[in-house]
file work.pdb (PDB, C-alpha atoms)
ATOM      1  CA  MET E   1      22.606   6.081  13.027
ATOM      2  CA  ILE E   2      20.857   3.135  14.604
ATOM      3  CA  LYS E   3      18.867   4.111  17.684
ATOM      4  CA  PRO E   4      18.692   1.152  20.087
ATOM      5  CA  GLU E   5      15.681   2.639  21.879
ATOM      6  CA  VAL E   6      13.670   2.527  18.644
ATOM      7  CA  ILE E   7      14.567  -1.119  18.067
ATOM      8  CA  LEU E   8      13.834  -2.039  21.693
ATOM      9  CA  ARG E   9      10.441  -0.292  21.641
ATOM     10  CA  LEU E  10       9.428  -2.108  18.470
ATOM     11  CA  LEU E  11      10.685  -5.450  19.800
ATOM     12  CA  GLU E  12       8.739  -5.040  23.039
ATOM     13  CA  SER E  13       5.572  -4.213  21.149
ATOM     14  CA  LEU E  14       6.206  -7.153  18.808
ATOM     15  CA  ARG E  15       6.621  -9.463  21.804
ATOM     16  CA  GLU E  16       3.290  -8.288  23.246
ATOM     17  CA  HIS E  17       1.503  -8.911  19.946
ATOM     18  CA  VAL E  18       3.074 -12.347  19.521
ATOM     19  CA  ASN E  19       2.078 -13.305  23.055
ATOM     20  CA  LEU E  20      -1.521 -12.338  22.306
ATOM     21  CA  LEU E  21      -1.447 -14.439  19.153
ATOM     22  CA  ARG E  22       0.059 -17.376  21.033
ATOM     23  CA  SER E  23      -2.859 -17.277  23.429
ATOM     24  CA  VAL E  24      -5.193 -18.334  20.604
ATOM     25  CA  GLN E  25      -2.911 -20.542  18.517
ATOM     26  CA  SER E  26      -4.301 -23.827  19.805
ATOM     27  CA  GLU E  27      -7.917 -22.907  19.091
ATOM     28  CA  PRO E  28      -9.545 -24.449  16.035
ATOM     29  CA  LEU E  29      -9.975 -22.170  13.041
ATOM     30  CA  PRO E  30     -13.794 -22.269  13.083
ATOM     31  CA  SER E  31     -13.861 -20.847  16.606
ATOM     32  CA  LEU E  32     -11.407 -18.094  15.640
ATOM     33  CA  THR E  33     -13.409 -17.059  12.589
ATOM     34  CA  ALA E  34     -16.897 -17.380  14.114
ATOM     35  CA  ASP E  35     -16.614 -14.001  15.847
ATOM     36  CA  LEU E  36     -15.746 -11.353  13.252
ATOM     37  CA  ILE E  37     -14.498  -8.870  15.826
ATOM     38  CA  ARG E  38     -12.127 -11.459  17.281
ATOM     39  CA  TYR E  39     -11.045 -12.591  13.817
ATOM     40  CA  ASN E  40     -10.317  -9.028  12.741
ATOM     41  CA  GLY E  41      -8.368  -8.478  15.949
ATOM     42  CA  ILE E  42      -6.184 -11.467  15.117
ATOM     43  CA  VAL E  43      -5.685 -10.239  11.557
ATOM     44  CA  HIS E  44      -4.738  -6.812  12.891
ATOM     45  CA  LEU E  45      -2.205  -8.317  15.288
ATOM     46  CA  LEU E  46      -0.635 -10.258  12.409
ATOM     47  CA  GLN E  47      -0.446  -7.086  10.353
ATOM     48  CA  LEU E  48       1.177  -5.196  13.232
ATOM     49  CA  CYS E  49       3.767  -7.948  13.663
ATOM     50  CA  VAL E  50       4.741  -7.746   9.991
ATOM     51  CA  GLU E  51       4.874  -3.949  10.192
ATOM     52  CA  HIS E  52       7.102  -4.065  13.275
ATOM     53  CA  VAL E  53       9.522  -6.526  11.663
ATOM     54  CA  THR E  54       9.782  -4.420   8.516
ATOM     55  CA  ALA E  55      10.142  -1.203  10.547
ATOM     56  CA  ILE E  56      13.010  -2.744  12.506
ATOM     57  CA  GLY E  57      14.608  -3.873   9.261
ATOM     58  CA  ALA E  58      14.207  -0.452   7.647
ATOM     59  CA  HIS E  59      15.723   1.204  10.704
ATOM     60  CA  LEU E  60      18.707  -1.169  10.639
ATOM     61  CA  LEU E  61      19.303  -0.616   6.927
ATOM     62  CA  ALA E  62      18.937   3.170   7.061
ATOM     63  CA  GLY E  63      20.920   3.456  10.276
ATOM     64  CA  SER E  64      23.746   1.453   8.745
ATOM     65  CA  GLY E  65      23.829   3.596   5.628
ATOM     66  CA  LEU E  66      22.699   0.687   3.467
ATOM     67  CA  GLU E  67      20.289   0.793   0.563
ATOM     68  CA  LEU E  68      16.664   1.008   1.632
ATOM     69  CA  PRO E  69      14.373  -0.664  -0.924
ATOM     70  CA  ASP E  70      11.237   0.952  -2.318
ATOM     71  CA  GLU E  71       8.968  -1.902  -1.191
ATOM     72  CA  TYR E  72       8.555  -3.140   2.352
ATOM     73  CA  ARG E  73       8.639  -6.741   1.143
ATOM     74  CA  ALA E  74      12.196  -6.197  -0.061
ATOM     75  CA  ILE E  75      13.469  -5.001   3.331
ATOM     76  CA  ILE E  76      13.841  -8.531   4.690
ATOM     77  CA  LEU E  77      15.524  -9.627   1.444
ATOM     78  CA  LYS E  78      18.043  -6.789   1.776
ATOM     79  CA  LEU E  79      18.779  -7.773   5.373
ATOM     80  CA  GLY E  80      19.612 -11.256   4.100
ATOM     81  CA  GLN E  81      21.763  -9.897   1.275
ATOM     82  CA  TYR E  82      23.799  -7.826   3.725
ATOM     83  CA  GLY E  83      24.161 -10.758   6.154
ATOM     84  CA  ILE E  84      22.151  -9.066   8.910
ATOM     85  CA  LEU E  85      19.670 -11.979   8.819
ATOM     86  CA  PRO E  86      20.358 -15.600   7.924
ATOM     87  CA  ARG E  87      20.107 -16.028   4.153
ATOM     88  CA  ASP E  88      17.254 -18.567   4.343
ATOM     89  CA  LEU E  89      15.016 -16.329   6.475
ATOM     90  CA  PRO E  90      14.255 -13.751   3.763
ATOM     91  CA  SER E  91      12.795 -16.345   1.395
ATOM     92  CA  ALA E  92      10.624 -17.714   4.207
ATOM     93  CA  SER E  93       9.529 -14.190   5.136
ATOM     94  CA  ARG E  94       8.009 -13.653   1.705
ATOM     95  CA  ARG E  95       5.406 -16.265   2.559
ATOM     96  CA  TRP E  96       4.321 -14.670   5.853
ATOM     97  CA  GLN E  97       4.443 -11.156   4.461
ATOM     98  CA  GLY E  98       2.254 -12.244   1.553
ATOM     99  CA  PHE E  99      -0.051 -14.123   3.919
ATOM    100  CA  ALA E 100      -0.455 -11.098   6.162
ATOM    101  CA  THR E 101      -1.100  -8.874   3.157
ATOM    102  CA  LEU E 102      -3.832 -11.210   1.923
ATOM    103  CA  LEU E 103      -5.428 -11.309   5.340
ATOM    104  CA  CYS E 104      -5.416  -7.548   5.618
ATOM    105  CA  ILE E 105      -7.050  -6.962   2.238
ATOM    106  CA  GLY E 106      -9.621  -9.638   2.939
ATOM    107  CA  ILE E 107      -8.739 -12.269   0.339
TER
END
call {"tool": "encode", "arguments": {"input": "work.pdb", "output": "structure tokens"}}
result
Amino acid sequence: MIKPEVILRLLESLREHVNLLRSVQSEPLPSLTADLIRYNGIVHLLQLCVEHVTAIGAHLLAGSGLELPDEYRAIILKLGQYGILPRDLPSASRRWQGFATLLCIGI
């Protein structure tokens, strides 16, 4: 069963994280990376955003009785396959999920 309160809580947290990221989006990259604490905070916010999106997707799939994939990367693809998300969004999401993964492991 889908629990709207779970989705709403994750969406609100996602909105807060995105707003924080928007506050630095116009700054040049050298100024964002000069302070390692700030840089790591930005990386962490990106990671949290990806986690929230995949958690929402997993909740929607499980709550709808649909197949839940073994890998988090596949959650967005499944949402596209079932028509819950537009079909072109899952392929685009692979890029940002991969980007966030690389940032988080420090590559």
call {"tool": "residues_around", "arguments": {"input": "work.pdb", "residues": "Ile42 of chain E", "least_positions_apart": "4", "cutoff": "9 Å", "atoms": "all atoms listed in the file", "output": "list in words"}}
result
Leu20, Leu21, Val24, Leu32, Ile37, Arg38, Leu46 and Gln47 of chain E
call {"tool": "closest_residue", "arguments": {"input": "work.pdb", "among": "E:Glu71, E:Asp88, E:Leu48, E:Gly63", "to": "Ser13 of chain E", "atoms": "all atoms listed in the file"}}
result
E:Leu48
call {"tool": "resolve_selection", "arguments": {"input": "work.pdb", "expression": "the PyMOL selection byres ((chain E and resi 49-53) around 9)", "output": "mmCIF file with C-alpha atoms, in the coordinates of the input"}}
result
data_model
loop_
_atom_site.group_PDB
_atom_site.id
_atom_site.type_symbol
_atom_site.label_atom_id
_atom_site.label_comp_id
_atom_site.auth_asym_id
_atom_site.auth_seq_id
_atom_site.Cartn_x
_atom_site.Cartn_y
_atom_site.Cartn_z
ATOM 1 C CA LEU E 10 9.428 -2.108 18.470
ATOM 2 C CA LEU E 11 10.685 -5.450 19.800
ATOM 3 C CA SER E 13 5.572 -4.213 21.149
ATOM 4 C CA LEU E 14 6.206 -7.153 18.808
ATOM 5 C CA ARG E 15 6.621 -9.463 21.804
ATOM 6 C CA HIS E 17 1.503 -8.911 19.946
ATOM 7 C CA VAL E 18 3.074 -12.347 19.521
ATOM 8 C CA HIS E 44 -4.738 -6.812 12.891
ATOM 9 C CA LEU E 45 -2.205 -8.317 15.288
ATOM 10 C CA LEU E 46 -0.635 -10.258 12.409
ATOM 11 C CA GLN E 47 -0.446 -7.086 10.353
ATOM 12 C CA LEU E 48 1.177 -5.196 13.232
ATOM 13 C CA THR E 54 9.782 -4.420 8.516
ATOM 14 C CA ALA E 55 10.142 -1.203 10.547
ATOM 15 C CA ILE E 56 13.010 -2.744 12.506
ATOM 16 C CA GLY E 57 14.608 -3.873 9.261
ATOM 17 C CA ALA E 58 14.207 -0.452 7.647
ATOM 18 C CA TYR E 72 8.555 -3.140 2.352
ATOM 19 C CA ILE E 76 13.841 -8.531 4.690
ATOM 20 C CA TRP E 96 4.321 -14.670 5.853
ATOM 21 C CA GLN E 97 4.443 -11.156 4.461
ATOM 22 C CA ALA E 100 -0.455 -11.098 6.162
#
call {"tool": "closest_residue", "arguments": {"input": "work.pdb", "among": "E:Leu8, E:Ile2, E:Leu29, E:Leu61", "to": "Leu85 of chain E", "atoms": "only C-alpha atoms"}}
result
E:Leu61
call {"tool": "atom_distance", "arguments": {"input": "work.pdb", "atom1": "atom CA of Arg73 of chain E", "atom2": "atom CA of Ser23 of chain E"}}
result
27.2 Å
call {"tool": "atom_distance", "arguments": {"input": "work.pdb", "atom1": "atom CA of Glu16 of chain E", "atom2": "atom CA of Ser31 of chain E"}}
result
22.3 Å
call {"tool": "atom_distance", "arguments": {"input": "work.pdb", "atom1": "atom CA of Gly41 of chain E", "atom2": "atom CA of Leu77 of chain E"}}
result
28.0 Å
call {"tool": "closest_residue", "arguments": {"input": "work.pdb", "among": "E:Leu79, E:Pro69, E:His59, E:Arg87", "to": "Glu5 of chain E", "atoms": "only C-alpha atoms"}}
result
E:His59
call {"tool": "axis_aligned_box", "arguments": {"input": "work.pdb", "around": "segment 72-78 of chain E", "padding_each_side": "3 Å", "output": "lines of an AutoDock Vina configuration file"}}
result
center_x = 13.3
center_y = -6.4
center_z = 2.3
size_x = 15.5
size_y = 12.5
size_z = 10.8
call {"tool": "closest_residue", "arguments": {"input": "work.pdb", "among": "E:Leu66, E:Lys3, E:Asp35, E:Asn40", "to": "Gln81 of chain E", "atoms": "all atoms listed in the file"}}
result
E:Leu66
